[in-house]
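S.K.: Structure file my_file_34.cif (mmCIF, C-alpha atoms and all ligand atoms) right here:
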data_target
loop_
_atom_site.label_atom_id
_atom_site.label_comp_id
_atom_site.auth_asym_id
_atom_site.auth_seq_id
_atom_site.Cartn_x
_atom_site.Cartn_y
_atom_site.Cartn_z
CA MET A 270 -1.02 -23.52 20.12
CA SER A 271 -0.61 -27.25 20.60
CA ALA A 272 -0.47 -29.57 17.60
CA SER A 273 -3.42 -31.48 19.02
CA ALA A 274 -5.62 -28.36 19.19
CA TYR A 275 -4.81 -27.64 15.54
CA ASP A 276 -5.49 -31.27 14.54
CA ALA A 277 -8.77 -31.28 16.47
CA TRP A 278 -9.88 -28.09 14.70
CA VAL A 279 -9.06 -29.54 11.27
CA GLU A 280 -10.85 -32.79 12.14
CA ALA A 281 -13.97 -30.90 13.26
CA LEU A 282 -13.87 -28.79 10.10
CA LEU A 283 -13.61 -31.81 7.83
CA ALA A 284 -16.22 -33.78 9.74
CA ARG A 285 -18.72 -30.92 9.50
CA HIS A 286 -18.27 -30.35 5.78
CA LEU A 287 -17.88 -33.96 4.70
CA LYS A 288 -21.08 -35.02 6.42
CA GLU A 289 -23.03 -34.71 3.19
CA LEU A 290 -20.32 -34.38 0.56
CA THR A 291 -17.48 -36.55 -0.66
CA LEU A 292 -13.93 -35.27 -0.95
CA ARG A 293 -14.27 -35.66 -4.72
CA GLU A 294 -17.35 -33.39 -4.79
CA VAL A 295 -15.57 -30.78 -2.70
CA GLY A 296 -12.59 -31.04 -5.07
CA ARG A 297 -14.81 -30.22 -8.04
CA ALA A 298 -16.34 -27.29 -6.17
CA LEU A 299 -12.86 -26.08 -5.20
CA LYS A 300 -11.87 -25.99 -8.85
CA GLN A 301 -14.91 -23.90 -9.71
CA LEU A 302 -14.47 -21.61 -6.70
CA THR A 303 -10.83 -21.02 -7.58
CA GLN A 304 -11.77 -20.14 -11.15
CA ASP A 305 -14.35 -17.68 -9.85
CA TYR A 306 -11.84 -16.08 -7.51
CA VAL A 307 -8.79 -15.96 -9.67
CA GLN A 308 -9.89 -16.03 -13.27
CA GLN A 309 -13.39 -14.62 -13.39
CA ARG A 310 -13.55 -12.12 -10.59
CA ASP A 311 -16.72 -10.56 -11.95
CA ARG A 312 -18.55 -13.59 -10.68
CA LEU A 313 -17.78 -12.46 -7.17
CA LYS A 314 -20.43 -9.84 -7.64
CA GLY A 315 -22.78 -12.79 -7.37
CA ASP A 316 -22.40 -15.18 -4.48
CA ALA A 317 -18.94 -16.72 -4.21
CA PHE A 318 -20.16 -19.00 -1.43
CA GLU A 319 -23.12 -20.29 -3.39
CA GLY A 320 -23.93 -23.91 -2.59
CA ARG A 321 -22.64 -26.45 -0.10
CA GLY A 322 -19.75 -27.59 -2.26
CA LYS A 323 -18.16 -24.17 -2.64
CA ARG A 324 -18.69 -23.40 1.02
CA ALA A 325 -17.03 -26.65 2.03
CA ALA A 326 -14.20 -26.00 -0.43
CA PHE A 327 -13.61 -22.50 0.87
CA ALA A 328 -13.74 -23.49 4.54
CA MET A 329 -11.59 -26.58 4.16
CA TYR A 330 -9.01 -25.51 1.61
CA TYR A 331 -8.71 -21.74 1.78
CA GLY A 332 -9.63 -21.60 5.47
CA THR A 333 -6.81 -23.93 6.46
CA ARG A 334 -4.33 -22.23 4.14
CA HIS A 335 -5.21 -18.73 5.30
CA PHE A 336 -4.87 -19.84 8.91
CA LEU A 337 -1.36 -21.21 8.28
CA LEU A 338 -0.42 -18.17 6.22
CA VAL A 339 -1.46 -15.61 8.83
CA ARG A 340 0.25 -17.62 11.57
CA GLU A 341 3.50 -17.76 9.62
CA VAL A 342 3.40 -14.11 8.57
CA LEU A 343 2.92 -12.98 12.17
CA ARG A 344 5.88 -15.13 13.21
CA ARG A 345 8.10 -13.70 10.49
CA LEU A 346 7.01 -10.14 11.26
CA GLN A 347 7.84 -10.81 14.90
CA ALA A 348 4.47 -9.34 15.78
CA PRO A 349 4.17 -8.43 19.46
CA ALA A 350 3.56 -11.29 21.89
CA THR A 351 0.92 -9.27 23.73
CA PRO A 352 -2.35 -8.21 22.14
CA ALA A 353 -3.82 -4.74 21.97
CA ALA A 354 -6.20 -4.10 24.85
CA GLY A 355 -9.32 -4.11 22.67
CA GLY A 356 -8.62 -7.57 21.19
CA ILE A 357 -8.79 -8.61 17.55
CA LEU A 358 -11.02 -7.25 14.80
CA ASP A 359 -11.19 -9.46 11.71
CA LEU A 360 -12.61 -7.51 8.75
CA GLY A 361 -14.26 -9.65 6.08
CA CYS A 362 -13.57 -12.56 8.40
CA GLY A 363 -14.90 -15.32 6.13
CA THR A 364 -14.53 -18.44 8.27
CA GLY A 365 -12.66 -16.47 10.94
CA VAL A 366 -9.28 -18.09 10.43
CA ALA A 367 -7.16 -14.92 10.25
CA GLY A 368 -8.46 -13.59 13.55
CA ALA A 369 -8.12 -17.04 15.09
CA ALA A 370 -4.51 -17.42 13.95
CA TRP A 371 -3.66 -14.03 15.41
CA ALA A 372 -5.39 -14.82 18.72
CA LEU A 373 -3.26 -17.96 18.99
CA HIS A 374 -0.06 -16.05 18.23
CA PHE A 375 0.05 -14.39 21.63
CA ASP A 376 1.66 -15.64 24.79
CA GLY A 377 -0.86 -16.37 27.50
CA LYS A 378 -4.63 -16.14 27.27
CA PRO A 379 -5.83 -15.36 23.73
CA PRO A 380 -7.74 -12.09 23.38
CA ASN A 381 -11.33 -11.80 22.25
CA ILE A 382 -11.99 -11.79 18.49
CA LEU A 383 -14.70 -9.88 16.69
CA GLY A 384 -15.24 -10.92 13.09
CA CYS A 385 -17.41 -9.13 10.59
CA ASP A 386 -18.59 -10.29 7.21
CA VAL A 387 -21.44 -9.54 4.86
CA HIS A 388 -22.15 -13.20 4.28
CA PRO A 389 -24.40 -15.04 6.76
CA TRP A 390 -22.77 -18.39 6.11
CA ALA A 391 -19.32 -16.94 6.76
CA VAL A 392 -20.45 -15.43 10.04
CA ASP A 393 -21.84 -18.75 11.17
CA GLU A 394 -18.72 -20.61 10.10
CA ALA A 395 -16.48 -18.13 11.91
CA ARG A 396 -18.34 -18.89 15.12
CA HIS A 397 -17.60 -22.60 14.58
CA THR A 398 -13.92 -21.81 14.02
CA PHE A 399 -13.59 -19.79 17.22
CA ARG A 400 -15.43 -22.41 19.24
CA ASP A 401 -13.54 -25.39 17.80
CA LEU A 402 -10.22 -23.68 18.51
CA GLY A 403 -11.29 -22.87 22.06
CA LEU A 404 -11.20 -19.12 21.43
CA ARG A 405 -13.41 -16.36 22.75
CA GLY A 406 -15.03 -14.56 19.88
CA GLY A 407 -18.07 -13.67 17.89
CA ALA A 408 -18.94 -12.56 14.40
CA LEU A 409 -21.32 -9.92 13.12
CA ARG A 410 -23.08 -9.87 9.79
CA THR A 411 -22.25 -6.41 8.59
CA ASP A 412 -20.57 -4.55 5.80
CA VAL A 413 -17.13 -3.25 6.76
CA ALA A 414 -18.32 0.18 5.67
CA ARG A 415 -21.15 0.11 8.21
CA LEU A 416 -19.32 -1.54 11.07
CA ARG A 417 -19.53 0.07 14.51
CA TRP A 418 -15.92 -0.32 15.51
CA PRO A 419 -15.17 -1.64 18.98
CA LYS A 420 -13.12 0.43 21.36
CA GLY A 421 -9.40 0.27 20.63
CA PRO A 422 -6.57 -0.15 20.61
CA LEU A 423 -7.17 -3.14 18.38
CA CYS A 424 -5.32 -5.79 16.44
CA ILE A 425 -6.98 -5.40 13.04
CA VAL A 426 -6.66 -7.95 10.28
CA ALA A 427 -8.17 -7.79 6.80
CA ALA A 428 -7.19 -10.98 4.99
CA PHE A 429 -8.04 -11.02 1.29
CA THR A 430 -10.87 -8.59 1.93
CA ALA A 431 -9.72 -5.10 0.92
CA ASN A 432 -9.71 -6.08 -2.77
CA GLU A 433 -13.41 -6.91 -2.51
CA LEU A 434 -14.39 -3.43 -1.32
CA SER A 435 -15.44 -0.55 -3.54
CA ASP A 436 -12.80 2.13 -4.14
CA VAL A 437 -14.66 4.52 -1.88
CA ASP A 438 -15.02 2.05 0.99
CA ARG A 439 -11.42 0.92 0.63
CA GLY A 440 -10.27 4.52 0.84
CA LYS A 441 -12.30 5.11 3.99
CA LEU A 442 -10.96 1.90 5.48
CA ARG A 443 -7.38 2.97 4.88
CA ALA A 444 -7.94 6.25 6.67
CA ARG A 445 -9.52 4.44 9.59
CA LEU A 446 -6.69 1.89 9.80
CA LEU A 447 -4.07 4.61 9.98
CA GLN A 448 -6.08 6.36 12.66
CA GLU A 449 -6.36 3.12 14.67
CA ALA A 450 -2.62 2.44 14.33
CA ALA A 451 -1.79 5.96 15.50
CA ALA A 452 -3.93 5.27 18.56
CA GLY A 453 -1.89 2.19 19.48
CA GLY A 454 -3.45 -0.45 17.22
CA GLN A 455 -1.73 -3.12 15.13
CA VAL A 456 -2.80 -3.60 11.52
CA LEU A 457 -2.22 -6.54 9.19
CA ILE A 458 -3.49 -6.57 5.59
CA LEU A 459 -3.07 -9.64 3.41
CA GLU A 460 -3.78 -9.86 -0.30
CA PRO A 461 -2.99 -12.38 -3.04
CA LEU A 462 0.40 -12.25 -4.73
CA ALA A 463 -1.36 -12.07 -8.09
CA ARG A 464 -0.72 -8.50 -9.11
CA PRO A 465 -3.85 -7.76 -11.19
CA ILE A 466 -6.13 -8.23 -8.17
CA THR A 467 -4.68 -5.27 -6.26
CA LYS A 468 -3.01 -3.37 -9.11
CA ALA A 469 -5.15 -0.25 -8.74
CA TRP A 470 -4.34 0.46 -5.11
CA TRP A 471 -1.57 -1.65 -3.61
CA ASP A 472 1.38 0.65 -4.32
CA ASP A 473 -0.43 3.64 -2.82
CA TRP A 474 -1.33 1.69 0.28
CA ALA A 475 2.20 0.37 0.63
CA ALA A 476 3.63 3.89 0.38
CA VAL A 477 1.20 5.22 2.96
CA PHE A 478 1.84 2.33 5.36
CA LYS A 479 5.60 2.75 5.06
CA LYS A 480 5.32 6.48 5.64
CA ALA A 481 3.39 5.68 8.82
CA GLY A 482 6.28 3.47 9.99
CA GLY A 483 4.97 0.18 8.67
CA ARG A 484 6.22 -2.30 6.12
CA ALA A 485 5.14 -4.03 2.93
CA ASP A 486 6.25 -7.58 2.14
CA GLU A 487 5.77 -10.47 -0.21
CA TRP A 488 5.91 -13.96 1.25
CA HIS A 489 6.41 -17.32 -0.38
CA PHE A 490 6.15 -20.29 1.95
CA ASP A 491 6.34 -24.01 1.56
CA LEU A 492 4.19 -25.25 4.43
CA PRO A 493 2.72 -28.70 4.89
CA LEU A 494 -1.07 -28.82 4.83
CA PRO A 495 -3.13 -31.49 6.58
CA GLU A 496 -3.10 -34.62 4.41
CA ARG A 497 -6.71 -34.53 3.20
CA ILE A 498 -6.55 -30.81 2.46
CA HIS A 499 -3.44 -31.44 0.39
CA VAL A 500 -5.24 -34.21 -1.50
CA LEU A 501 -8.19 -31.90 -2.07
CA GLY A 502 -5.98 -29.23 -3.59
CA LYS A 503 -4.25 -31.74 -5.83
CA ALA A 504 -7.62 -33.09 -7.00
CA ALA A 505 -8.60 -29.56 -8.01
CA GLY A 506 -5.39 -29.19 -10.03
CA LEU A 507 -3.81 -26.74 -7.57
CA ASN A 508 -0.38 -26.69 -6.01
CA PRO A 509 -1.23 -26.97 -2.32
CA ARG A 510 2.30 -26.50 -1.00
CA GLU A 511 2.68 -23.09 -2.56
CA LEU A 512 1.47 -20.59 -0.06
CA GLY A 513 2.01 -16.87 -0.36
CA ALA A 514 0.66 -13.39 0.12
CA ARG A 515 1.60 -9.76 -0.02
CA THR A 516 1.14 -7.99 3.28
CA LEU A 517 1.08 -4.58 4.88
CA TRP A 518 1.92 -4.29 8.55
CA LEU A 519 1.75 -1.52 11.07
CA ALA A 520 3.17 -2.37 14.47
CA PRO A 521 2.21 -0.45 17.58
CA LYS A 522 4.33 2.63 18.21
CA SER A 523 6.85 1.83 20.92
C1 LIG B 1 -11.57 -14.00 0.11
S1 LIG B 1 -12.65 -13.99 1.46
C2 LIG B 1 -11.46 -13.98 2.81
C3 LIG B 1 -12.05 -14.47 4.09
C4 LIG B 1 -11.08 -14.55 5.26
N1 LIG B 1 -10.62 -13.24 5.65
C5 LIG B 1 -9.93 -15.47 4.96
O1 LIG B 1 -8.77 -14.99 4.96
O2 LIG B 1 -10.14 -16.66 4.74
C6 LIG B 1 -13.26 -12.34 1.51
C7 LIG B 1 -14.36 -12.16 2.54
O3 LIG B 1 -14.71 -10.77 2.60
C8 LIG B 1 -16.12 -10.68 2.75
N2 LIG B 1 -16.52 -9.35 2.28
C9 LIG B 1 -16.49 -8.87 1.02
N3 LIG B 1 -16.92 -7.59 0.99
C10 LIG B 1 -17.23 -7.27 2.28
C11 LIG B 1 -17.72 -6.10 2.90
N4 LIG B 1 -17.99 -5.01 2.19
N5 LIG B 1 -17.93 -6.11 4.24
C12 LIG B 1 -17.66 -7.24 4.97
N6 LIG B 1 -17.20 -8.38 4.43
C13 LIG B 1 -16.98 -8.39 3.11
C14 LIG B 1 -16.65 -11.83 1.91
O4 LIG B 1 -17.98 -12.18 2.27
C15 LIG B 1 -15.63 -12.92 2.23
O5 LIG B 1 -16.00 -13.68 3.35
#
Starting from the file, give its structure as structure tokens.

M.R.:
Amino acid sequence: MSASAYDAWVEALLARHLKELTLREVGRALKQLTQDYVQQRDRLKGDAFEGRGKRAAFAMYYGTRHFLLVREVLRRLQAPATPAAGGILDLGCGTGVAGAAWALHFDGKPPNILGCDVHPWAVDEARHTFRDLGLRGGALRTDVARLRWPKGPLCIVAAFTANELSDVDRGKLRARLLQEAAAGGQVLILEPLARPITKAWWDDWAAVFKKAGGRADEWHFDLPLPERIHVLGKAAGLNPRELGARTLWLAPKS
């Protein structure tokens, strides 16, 4: 991906969300959104993307960070340079950045991306992301548990989504992911480093992924964010340069 394509995407993202909001207002919303996500997770049972401010904050701050994070993780994992034949499936796609980062990881023409998310705003925003990055893709408003999966083999990413599923749905998803990997798919799961968020299930998943030939990692990066996104994070009292995740990875069987 060229630096100019990345810059153009960030510019379009900021222009869209700052049309009716100031950076200061988005900073305040980012603070609230971060508290909801990290400190008061029960609030997620309501609507985490409630209101323009929180949507802008999520798309601008977390969207950009998750894009950079997925891109860097795929590099470090030395993920294959060619996609699975069925393209990319982004589960709980939010603004579509994880699928987009993976599509841009490959040599040659990026594969098609299918995003799915329960939230209508997220689905709409994901379409913007794919279009602004010049990618082929679409997004469906559906629950992961009710998704009609496209034909594989697939590159499947679930970035910061599995922790939002019920225990039952997460269990079913795990079984399906292993099945897809055995059929030639590639699977990448990302979750926050904060242990309490995934405490109930992470170790089991990691053991199962490793047994299937995969790996579990923790990443800590120091990556530069676009200037205004950095400023936004600072304004919300965050440390924008600290970027990390725990991941599970299943590469295609050679
Ligand atoms: C923390 S956000 C992550 C979004 C995106 N993957 C990213 O990395 O920026 C979690 C997303 O999962 C979606 N989500 C939560 N439960 C879901 C479900 N059961 N089915 C589909 N999407 C779901 C939410 O609407 C939200 O967009």

S.K.: Distance atom N4 of ligand LIG 1 (chain B)-CA of Gly361 in chain A, one decimal place?

M.R.: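 Separating atom N4 of ligand LIG 1 (chain B) from CA of Gly361 in chain A is a distance of 7.1 Å.
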
S.K.: Calculated over only C-alpha atoms, which of the candidates A:Asp401, A:Asp305, A:Glu433, A:Glu319 has the smallest distance to Val279 in chain A?

M.R.: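 Checking each candidate against Val279 in chain A, we get A:Asp401 as the closest.
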
S.K.: Which of these residues is nearest to ligand LIG 1 (chain B), using only C-alpha atoms and all ligand atoms: A:Lys522, A:Arg439, A:Arg345, A:Arg293?

M.R.: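 Answer, going by the shortest atom-to-atom distance: A:Arg439.
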
S.K.: Nearest residue to Ala431 in chain A out of A:Pro461, A:Gly483, A:Pro349, A:Pro419, using only C-alpha atoms?

M.R.: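 Counting only C-alpha atoms, the residue closest to Ala431 in chain A is A:Pro461.
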
S.K.: I'd like to know which of A:Arg417, A:Leu459, A:Gly320, A:Asp376 is closest to ligand LIG 1 (chain B), using all atoms listed in the file.

M.R.: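 Among the listed residues, A:Leu459 lies closest to ligand LIG 1 (chain B).
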
S.K.: Would you please work out which residue, of A:Glu394, A:Asp276, A:Asp412, A:Asp316, is nearest to ligand LIG 1 (chain B) when using all atoms listed in the file?

M.R.: A:Asp412

S.K.: Can you pull out every residue with an atom within 8 Å of ligand LIG 1 (chain B)? Use all atoms listed in the file and format it as an MDAnalysis selection string.

M.R.: chainID A and resid 306 317 327:328 331:332 335:336 359:367 385:388 391 410:414 427:431 433:435 438 459

S.K.: How many Å lie between CA of Gly407 in chain A and CA of Leu338 in chain A, rounded to one decimal?

M.R.: 21.6 Å

S.K.: So that I can see what lies close to Lys378 in chain A, please list as a VMD selection string the residues with an atom at most 12 Å from it, counting only C-alpha atoms and leaving out residues fewer than 2 positions away in the same chain.

M.R.: chain A and resid 270 350 to 352 356 372 to 376 380 to 381 403 to 405
